[in-house]
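*Asks:* Following this message is one structure expressed as structure tokens.
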Amino acid sequence: MSDIKVMIVDDSAVVRQVVSALLNAAPGIAVTYAVANPLLAIERMKMQWPDVIVLDVEMPKMDGISFLRKIMAERPTPVVICSTLTEKGAQTSVEALTAGAVAVITKPRLDLKQFLHDSSDELVAAVRTAAGAHVVKSKYHAPLPPVPAKLNADAVLSLGDARPMTATTERIVAIGTSTGGTQALEEVLTSLPRVCPGIVVVQHMPEKFTAAFAARLDSVCEVRVKEAANNDRVLQGQVLIAPGGKHMLLRRNGAQYFVEVVDGPLVNRHRPSVDVLFRSTARAAGANALGVIMTGMGDDGAAGLLEMLKAGARTVAQDEASCVVYGMPKEAVKRGAVEKTVPLTAIYREILQQLG
């Protein structure tokens, strides 16, 4: 197989130099161009189109968001954002992910060179993931660092007696997604009317990103979207997004559902974890629930979705053709956890069926 051709677009000469060296040292990756702004990148891309672009956000001539939108509208190409993480920057990065970026690598303002060296494995993994992503024309995931042991949902919520409580008129939809999920969630949630089942979502995303992501979705959806807080009620017409860096569990009190937001170890190398949400939904809602697993790398959510199915829930997976990365749905299908596989554009209809 030929090397993954990477273009770096960053106005920092230090970033261009260090990232070029790190990526060129990785087997199967070759940096073809490293340029200071998007206008220079456009000229280079006329000669050779890259497989992956590593892109800064704040640059002269043209900002990275505008450049990303131009690429995704004209010739969709996997993009890894390498930006500074601040409260303000988180919003900018959410916009980039929404515009079609596959992954985000966050960088500090100080000790940048050392940080890039320390994060080389994460950067290389993001580039490799991006190279295999299926990106489409635009109309938001960042891999977490590896941990020594891969824990399952037992680390947060023991399996115990998973028998759900008796049926109620309240219906719940639990959604899990990762790489490519920010765009996919926007596609689904903007298709929903104001009257729809209560929805709880785990999107793999770092701290500080989820609040901005939820706020952006809230501005474009008929349903209300918010970052979940501990003890929030799950209500019709409302979507609760698990906060980055926290696990979210579904709980039940009588006929009412609410969420519990907790600390805990990484599960399947993620926090929040889809498996934790799905297991808690199997226990709290049983046949009152619909589980939806969407685009994403890895296997988080597959085991939990199977637990939901065994508890009587309906289960749906996004199909391969519409996934940016067909990892999580593929693993769920492999384990027999999926009743129905549908394209992204049909998921909202499956959600609305829960009202019945």
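Numbering starts fresh at 1 for the residues of each chain in the structure tokens, the chains themselves are lettered A, B, ... in the order given, and ligands are numbered from 1 as they appear.
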What residues in region 186-289 of chain A get the DSSP label strand (DSSP E)? Please answer as an MDAnalysis selection string.
*Replies:* chainID A and resid 198:203 224:227 238:241 247:253 256:262 289
*Asks:* With a distance cut-off of 6 Å and only C-alpha atoms, select the neighbouring residues of Gln236 (chain A), excluding the residue or stretch itself and same-chain residues fewer than 2 positions from it, and output the selection as a list in words.
*Replies:*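 Non-adjacent residues within range: Cys196, Pro197, Gly198 and Gln238 of chain A.
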*Asks:* Keeping only N, CA and C atoms, write those residues as an mmCIF file, in the first residue's frame.
*Replies:*
```cif
data_model
loop_
_atom_site.group_PDB
_atom_site.id
_atom_site.type_symbol
_atom_site.label_atom_id
_atom_site.label_comp_id
_atom_site.auth_asym_id
_atom_site.auth_seq_id
_atom_site.Cartn_x
_atom_site.Cartn_y
_atom_site.Cartn_z
ATOM 1 N N CYS A 196 -41.102 14.737 20.131
ATOM 2 C CA CYS A 196 -40.376 13.484 19.879
ATOM 3 C C CYS A 196 -40.017 12.888 21.229
ATOM 4 N N PRO A 197 -39.617 11.627 21.266
ATOM 5 C CA PRO A 197 -39.264 11.014 22.549
ATOM 6 C C PRO A 197 -38.073 11.722 23.188
ATOM 7 N N GLY A 198 -37.946 11.577 24.500
ATOM 8 C CA GLY A 198 -36.758 12.073 25.184
ATOM 9 C C GLY A 198 -35.526 11.306 24.704
ATOM 10 N N GLN A 238 -36.669 16.914 24.091
ATOM 11 C CA GLN A 238 -35.385 17.382 24.622
ATOM 12 C C GLN A 238 -34.305 16.334 24.414
#
```
*Asks:* Would you pick out the contacts of Ile105 (chain A) at 8 Å or less, using only C-alpha atoms, so that residues sharing its chain but fewer than 4 positions from it are not included, and give the list as a PyMOL selection string?
*Replies:* chain A and resi 80-83+122-123+142
*Asks:* Please produce a file of the residues just selected, as a CSV table (one decimal), in the first residue's frame, where the atoms kept are C-alpha atoms.
*Replies:*
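selection13.csv written:
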```csv
chain,number,residue,atom,x,y,z
A,80,VAL,CA,-7.5,16.6,11.4
A,81,ILE,CA,-7.8,19.9,13.3
A,82,CYS,CA,-4.8,20.8,15.4
A,83,SER,CA,-6.0,23.8,17.5
A,122,GLU,CA,-2.2,10.5,19.3
A,123,LEU,CA,-1.4,12.6,16.2
A,142,ALA,CA,-11.1,13.3,19.2
```
*Asks:* Do you have the CA of Phe67 (chain A)-CA of Asp3 (chain A) distance handy?
*Replies:*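 It comes out at 24.4 Å.
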*Asks:* Between A:Ser20, A:Asn268, A:Thr177, A:Thr345, which one has atoms that come closest to Met328 (chain A), using only C-alpha atoms?
*Replies:*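 Comparing A:Ser20, A:Asn268, A:Thr177, A:Thr345 against Met328 (chain A), the winner is A:Thr177.
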*Asks:* I'd like the neighbourhood of Gln353 (chain A) as a ChimeraX atom specification, where a residue qualifies if any of its atoms comes within 12 Å (using only C-alpha atoms), though same-chain residues fewer than 6 positions away should be ignored.
*Replies:* /A:171-173,192,195-197,288-290,314,346-347
*Asks:* From a backbone DSSP assignment, name each residue in region 47-273 of chain A labelled alpha helix (DSSP H), as a PyMOL selection string.
*Replies:* chain A and resi 47+64-74+87-99+112-118+120-131+181-189+209-220
*Asks:* Store the residues of this selection in a file with C-alpha atoms, as a short mmCIF file (atom, residue, chain, number, x, y, z; two decimals), in the first residue's frame.
*Replies:*
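Just written: part05.cif:
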```
data_model
loop_
_atom_site.label_atom_id
_atom_site.label_comp_id
_atom_site.auth_asym_id
_atom_site.auth_seq_id
_atom_site.Cartn_x
_atom_site.Cartn_y
_atom_site.Cartn_z
CA MET A 47 -0.39 19.82 -8.08
CA GLY A 64 -9.15 27.27 8.90
CA ILE A 65 -12.93 27.00 9.26
CA SER A 66 -13.55 28.74 5.94
CA PHE A 67 -10.90 26.59 4.27
CA LEU A 68 -12.43 23.42 5.73
CA ARG A 69 -15.91 24.34 4.51
CA LYS A 70 -14.54 25.06 1.06
CA ILE A 71 -12.83 21.66 0.90
CA MET A 72 -15.85 19.75 2.19
CA ALA A 73 -18.15 21.48 -0.29
CA GLU A 74 -15.91 21.00 -3.32
CA GLU A 87 -13.17 28.04 26.36
CA LYS A 88 -13.33 30.27 23.30
CA GLY A 89 -11.37 27.84 21.17
CA ALA A 90 -13.68 24.97 22.05
CA GLN A 91 -16.52 26.71 20.20
CA THR A 92 -14.27 27.22 17.18
CA SER A 93 -13.26 23.58 17.19
CA VAL A 94 -16.89 22.49 17.42
CA GLU A 95 -17.59 24.56 14.32
CA ALA A 96 -14.71 22.80 12.57
CA LEU A 97 -15.98 19.36 13.55
CA THR A 98 -19.46 20.30 12.43
CA ALA A 99 -18.04 21.42 9.09
CA LEU A 112 4.09 23.66 22.18
CA LYS A 113 7.08 21.77 20.86
CA GLN A 114 7.24 19.46 23.90
CA PHE A 115 3.49 18.92 23.78
CA LEU A 116 3.60 17.84 20.14
CA HIS A 117 6.36 15.35 20.91
CA ASP A 118 4.41 14.01 23.89
CA SER A 120 2.92 12.09 18.73
CA ASP A 121 1.11 8.75 19.15
CA GLU A 122 -2.25 10.52 19.32
CA LEU A 123 -1.44 12.58 16.25
CA VAL A 124 -0.28 9.58 14.21
CA ALA A 125 -3.38 7.60 15.26
CA ALA A 126 -5.64 10.48 14.26
CA VAL A 127 -4.02 10.72 10.82
CA ARG A 128 -4.35 6.96 10.26
CA THR A 129 -8.01 7.03 11.34
CA ALA A 130 -8.71 10.01 9.11
CA ALA A 131 -7.13 8.28 6.13
CA GLY A 181 -20.90 11.63 14.93
CA THR A 182 -21.10 15.38 15.23
CA GLN A 183 -22.25 15.74 11.63
CA ALA A 184 -24.39 12.61 11.84
CA LEU A 185 -26.15 13.81 14.99
CA GLU A 186 -26.91 17.14 13.37
CA GLU A 187 -28.45 15.32 10.40
CA VAL A 188 -30.68 13.26 12.70
CA LEU A 189 -31.65 15.89 15.26
CA PHE A 209 -16.40 20.71 23.75
CA THR A 210 -19.77 19.20 24.60
CA ALA A 211 -21.35 22.37 25.98
CA ALA A 212 -20.50 24.30 22.81
CA PHE A 213 -21.61 21.37 20.66
CA ALA A 214 -24.96 21.13 22.44
CA ALA A 215 -25.48 24.89 22.19
CA ARG A 216 -24.84 24.82 18.47
CA LEU A 217 -27.30 21.96 17.92
CA ASP A 218 -29.87 23.77 20.03
CA SER A 219 -29.60 26.77 17.70
CA VAL A 220 -30.41 24.73 14.57
#
```
*Asks:* Under the rule that only C-alpha atoms are counted, which of A:Tyr33, A:Asn231, A:Ser280, A:Tyr348 is the nearest residue to Lys46 (chain A)?
*Replies:*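 Of the candidates, the smallest distance to Lys46 (chain A) is held by A:Tyr33.
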*Asks:* Would you please work out which residue, of A:Pro343, A:Met7, A:Gly245, A:Val104, is nearest to Gln48 (chain A) when using only C-alpha atoms?
*Replies:*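 Comparing A:Pro343, A:Met7, A:Gly245, A:Val104 against Gln48 (chain A), the winner is A:Met7.
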*Asks:* Have a look at CA of Val202 (chain A) and CA of Gly132 (chain A) and let me know their distance in Å, one decimal.
*Replies:*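 It comes out at 22.7 Å.
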*Asks:* Check the smallest atom-to-atom distance from each of A:Gly254, A:Val54, A:Leu40, A:Cys221 to Val6 (chain A) using only C-alpha atoms, then report the winner.
*Replies:* A:Val54
*Asks:* Would you mind telling me which residue in A:Val261, A:Ala332, A:Val19, A:Ala30 lies nearest to Pro243 (chain A) when using only C-alpha atoms?
*Replies:*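 Ranked by minimum distance to Pro243 (chain A), first place goes to A:Val261.
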